[in-house]
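Novice: Dropping the structure in here first, questions after.
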Amino acid sequence: MIIIALITTDHDNCRKCYACVRACPVKTISIKNGLPEIVEAGCLGCGQCVLACSIGAKIVQDDTPMIQKWLSEGTRVLAMVAPSYPASFQLKGGQLVAALRRLGFSSVQEVAYGAGICAREYAKYFSGQNVKTMISTACPAVVQLVEKHFPNLIENLAPIDSPMLIQAKVMKAVQPDSKVVFIGPCFSKKYESTDPNTEGYVDAVITFRQLNHWFDRSEIDWRQLAEQPWDNPQPHIARTFPISGGLLKTAGMFEDITSMDIVVVEGARRCIEVLKAIDSGDFTPRFVDMLVCEGCVMGPGVVSDKSYVVRSHQVAKTVNQSNHSVCNEEMQPVLEKLDFTRTFKARPVLKKTFTEEQVWQTLKETGKHNIRDLINCSACGYDTCWEKAVACLQGMAEKEMCLPFLLRQVPALTNSLMDMSNKLMLSMESINFSTLTLKGTTSKINSRNQQLEALIKETNTIAKDTLELANKVLLMVSQYQLPMEDDALPQQPLASSDIEEIRKIAAQSKLQSEKATKAFEDIASVLARLREDSIMIMEQEKAIKVVTSSLEQIVATYDQLLNIGAAMASIGRNYV
């Protein structure tokens, strides 16, 4: 099965309040560095995390752009609308049909018609000899709950298509080359449409909220629209499907509170309780009509701030409305050829288990050393401290999510913050002193470099003068050198004036040599001082690097403390 990203988190807007973790009935939200991310493999698509996020940081996958592309390309697109639409749109059914046709849909049908067929399938199945407890499968979130979290109960799922799948099969049978779009209150229908056991019938799913945004962008004025008929037969009582007990009422079955043989269970947490009881054998009814939402009218995709009873009343008022272009007799040949049974596949979420010793070790890291320390405040999003510790071991939670643990750290954190601030100031003063010293040393080096340049220039001059004197001596000597062809011939003696000249040159050469020696000694002295200054600079640079590294650590710790403070403030908004 291809897992789609049904719900994602906008981390830029997330306030790290863990409201989504608290709302998730199966705790399939992982926290990494304080930020939540839904683990798709365990998600029910119930949308409770979306409803719990008051700032809208949860984003639901939207098929609207894909549908609009089909329409722009001229593809025939059919719409089927869930019977809970009156809870979202304050308009007559015929006006909704007209509005959807205005958007470009070729046909608009009620899923309530498929719900009526679904109810008859349940009545037929229930009348047989079933030894196992049967769990209704009209709610796709219930199917996700069993397949992923209670795989032992796969055989208890009623092998009957949901109203959406039944309606889609009917529409595809009549117009096989068309695209079928489901419009309703449920996120989990997106999972159902892509499930390998059910795919190929529903091509796209959008919620009432997403449709409402589409209407807003299209600027459709409801009041100006004349009613148009639905393209399906009258569904009658099946329009009550989104209300508590709607399936039972439509199927002619009745809840018996004395024998608890047929029961209606609503709400994710209550569903989990009942499934646990069935799995353990503590509860064995014949049939459980199970809905993760408290009726589809309370689905996360509904556009309403009204209470359950108001929404249900809005739906109930449509039961006897009749505005249809097709009669039941016309559909009978189509229905006779269709199969409305389905199969399920266990896809258990594997979770590693841990010993009590391992869990207690994790609890101790947040200051919980005995049973009395397990206050179970739920500020972290988990019902108990034990559950949260197990989640930490599984990599789903972080110890910093514990508000009492963070609050106990406040005094120590405050002292650490003050200590870090003092160290920060001392480090800055040390860096300023080192910088000034370095500037002074650098100035000395620049001065000595200039001195060295002058000495080198003077040395070059001495060397040049010495070279000229040497050339002059060589010239004079060469004038008195004769060819040595005959050893008996005497050499020509030097004149006294020349000897005197040579003596002068020799004296000048000696003086130049002394100057050169002195210049080289000065150069050596300057170079030695330059070396000392360089060593000093290197030591100062090392000191600055150490201070800088320390400063970076202080700043990092300072930021960490600020982040912890922000996290505590954020969690505190939800701490009761």
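Starting from 1 in every chain, residues are counted up; chains themselves are A, B, ... following the order of the structure tokens, and ligands are numbered from 1 as listed.
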Excluding region 368-371 of chain A and residues on its chain fewer than 2 positions from it, collect all residues at most 12 Å away from it, counting only C-alpha atoms, and give them as a PDB file with N, CA and C atoms, in the first residue's frame.
Specialist:
ATOM      1  N   GLU A 357      12.272  -2.144  34.248  1.00  0.00           N
ATOM      2  CA  GLU A 357      13.526  -1.499  34.654  1.00  0.00           C
ATOM      3  C   GLU A 357      13.916  -0.399  33.659  1.00  0.00           C
ATOM      4  N   VAL A 359      11.880   1.258  31.679  1.00  0.00           N
ATOM      5  CA  VAL A 359      10.918   2.364  31.778  1.00  0.00           C
ATOM      6  C   VAL A 359      11.217   3.216  33.004  1.00  0.00           C
ATOM      7  N   TRP A 360      11.500   2.553  34.130  1.00  0.00           N
ATOM      8  CA  TRP A 360      11.807   3.307  35.346  1.00  0.00           C
ATOM      9  C   TRP A 360      13.084   4.127  35.181  1.00  0.00           C
ATOM     10  N   GLN A 361      14.044   3.601  34.464  1.00  0.00           N
ATOM     11  CA  GLN A 361      15.271   4.356  34.218  1.00  0.00           C
ATOM     12  C   GLN A 361      14.972   5.641  33.452  1.00  0.00           C
ATOM     13  N   THR A 362      14.072   5.553  32.482  1.00  0.00           N
ATOM     14  CA  THR A 362      13.663   6.732  31.721  1.00  0.00           C
ATOM     15  C   THR A 362      12.883   7.707  32.601  1.00  0.00           C
ATOM     16  N   LEU A 363      12.025   7.170  33.455  1.00  0.00           N
ATOM     17  CA  LEU A 363      11.258   8.020  34.368  1.00  0.00           C
ATOM     18  C   LEU A 363      12.183   8.775  35.326  1.00  0.00           C
ATOM     19  N   LYS A 364      13.223   8.095  35.773  1.00  0.00           N
ATOM     20  CA  LYS A 364      14.166   8.738  36.708  1.00  0.00           C
ATOM     21  C   LYS A 364      14.873   9.928  36.067  1.00  0.00           C
ATOM     22  N   GLU A 365      15.029   9.890  34.766  1.00  0.00           N
ATOM     23  CA  GLU A 365      15.676  11.007  34.069  1.00  0.00           C
ATOM     24  C   GLU A 365      14.857  12.284  34.134  1.00  0.00           C
ATOM     25  N   THR A 366      13.566  12.147  34.458  1.00  0.00           N
ATOM     26  CA  THR A 366      12.720  13.325  34.632  1.00  0.00           C
ATOM     27  C   THR A 366      12.265  13.468  36.086  1.00  0.00           C
ATOM     28  N   ASP A 373       5.580   9.748  42.391  1.00  0.00           N
ATOM     29  CA  ASP A 373       6.067  10.786  41.483  1.00  0.00           C
ATOM     30  C   ASP A 373       5.324  10.780  40.143  1.00  0.00           C
ATOM     31  N   LEU A 374       4.553   9.729  39.863  1.00  0.00           N
ATOM     32  CA  LEU A 374       3.835   9.630  38.590  1.00  0.00           C
ATOM     33  C   LEU A 374       2.512  10.382  38.709  1.00  0.00           C
ATOM     34  N   ILE A 375       2.557  11.691  38.490  1.00  0.00           N
ATOM     35  CA  ILE A 375       1.369  12.528  38.726  1.00  0.00           C
ATOM     36  C   ILE A 375       0.381  12.474  37.556  1.00  0.00           C
ATOM     37  N   ASN A 376       0.822  12.000  36.383  1.00  0.00           N
ATOM     38  CA  ASN A 376      -0.083  11.808  35.236  1.00  0.00           C
ATOM     39  C   ASN A 376      -0.875  13.076  34.896  1.00  0.00           C
ATOM     40  N   THR A 384      -0.590   9.096  30.816  1.00  0.00           N
ATOM     41  CA  THR A 384       0.157   8.759  32.019  1.00  0.00           C
ATOM     42  C   THR A 384       1.653   8.984  31.805  1.00  0.00           C
ATOM     43  N   CYS A 385       2.360   9.143  32.927  1.00  0.00           N
ATOM     44  CA  CYS A 385       3.819   9.290  32.866  1.00  0.00           C
ATOM     45  C   CYS A 385       4.460   8.026  32.295  1.00  0.00           C
ATOM     46  N   TRP A 386       3.855   6.883  32.616  1.00  0.00           N
ATOM     47  CA  TRP A 386       4.391   5.620  32.140  1.00  0.00           C
ATOM     48  C   TRP A 386       4.310   5.541  30.613  1.00  0.00           C
ATOM     49  N   ALA A 389       6.958   7.715  29.106  1.00  0.00           N
ATOM     50  CA  ALA A 389       8.296   7.125  29.224  1.00  0.00           C
ATOM     51  C   ALA A 389       8.506   6.050  28.169  1.00  0.00           C
ATOM     52  N   LYS A 399      12.105  13.692  26.680  1.00  0.00           N
ATOM     53  CA  LYS A 399      11.926  13.904  28.114  1.00  0.00           C
ATOM     54  C   LYS A 399      11.586  15.358  28.441  1.00  0.00           C
ATOM     55  N   CYS A 402       8.022  16.914  29.490  1.00  0.00           N
ATOM     56  CA  CYS A 402       7.437  16.825  30.835  1.00  0.00           C
ATOM     57  C   CYS A 402       7.469  18.194  31.505  1.00  0.00           C
ATOM     58  N   PRO A 404       6.207  19.298  34.575  1.00  0.00           N
ATOM     59  CA  PRO A 404       6.696  19.346  35.967  1.00  0.00           C
ATOM     60  C   PRO A 404       8.210  19.232  36.062  1.00  0.00           C
ATOM     61  N   PHE A 405       8.805  18.387  35.221  1.00  0.00           N
ATOM     62  CA  PHE A 405      10.264  18.237  35.206  1.00  0.00           C
ATOM     63  C   PHE A 405      10.929  19.564  34.850  1.00  0.00           C
ATOM     64  N   ARG A 408      10.595  22.116  37.728  1.00  0.00           N
ATOM     65  CA  ARG A 408      11.543  21.881  38.833  1.00  0.00           C
ATOM     66  C   ARG A 408      12.934  22.386  38.491  1.00  0.00           C
TER      67      ARG A 408
END
Novice: Leaving out Thr240 (chain A) and any residue of its chain fewer than 3 positions from it, which residues lie within 8 Å of it when counting only C-alpha atoms, given as a PyMOL selection string?
Specialist: chain A and resi 83+237+243+246-247+250+315-316+319
Novice: Using only C-alpha atoms, which protein or nucleic acid residues come within 9 Å of region 12-21 of chain A? Drop anything in the same chain fewer than 5 positions from it, and give the result as a ChimeraX atom specification.
Specialist: /A:27-31,34-36,48-58,379-382,401,567,570-574
Novice: Can you tell me, as a PyMOL selection string, which residues in region 238-319 of chain A count as helix (DSSP H, G or I) by DSSP?
Specialist: chain A and resi 238-240+246-251+268-280+296-298+308-316
Novice: Just give me the gap between CA of Gly200 (chain A) and CA of Tyr113 (chain A) in Å, one decimal is fine.
Specialist: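 According to the coordinates, CA of Gly200 (chain A) and CA of Tyr113 (chain A) are separated by 19.9 Å.
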Novice: What residues in region 99-211 of chain A get the DSSP label strand (DSSP E or B)? Please answer as number ranges by chain.
Specialist: A: 107-110, 134-135, 157, 160, 179-184, 204-207
Novice: Can you tell me how far CA of Lys317 (chain A) sits from CA of Arg120 (chain A), in Å to one decimal?
Specialist: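 These two atoms are separated by 22.6 Å.
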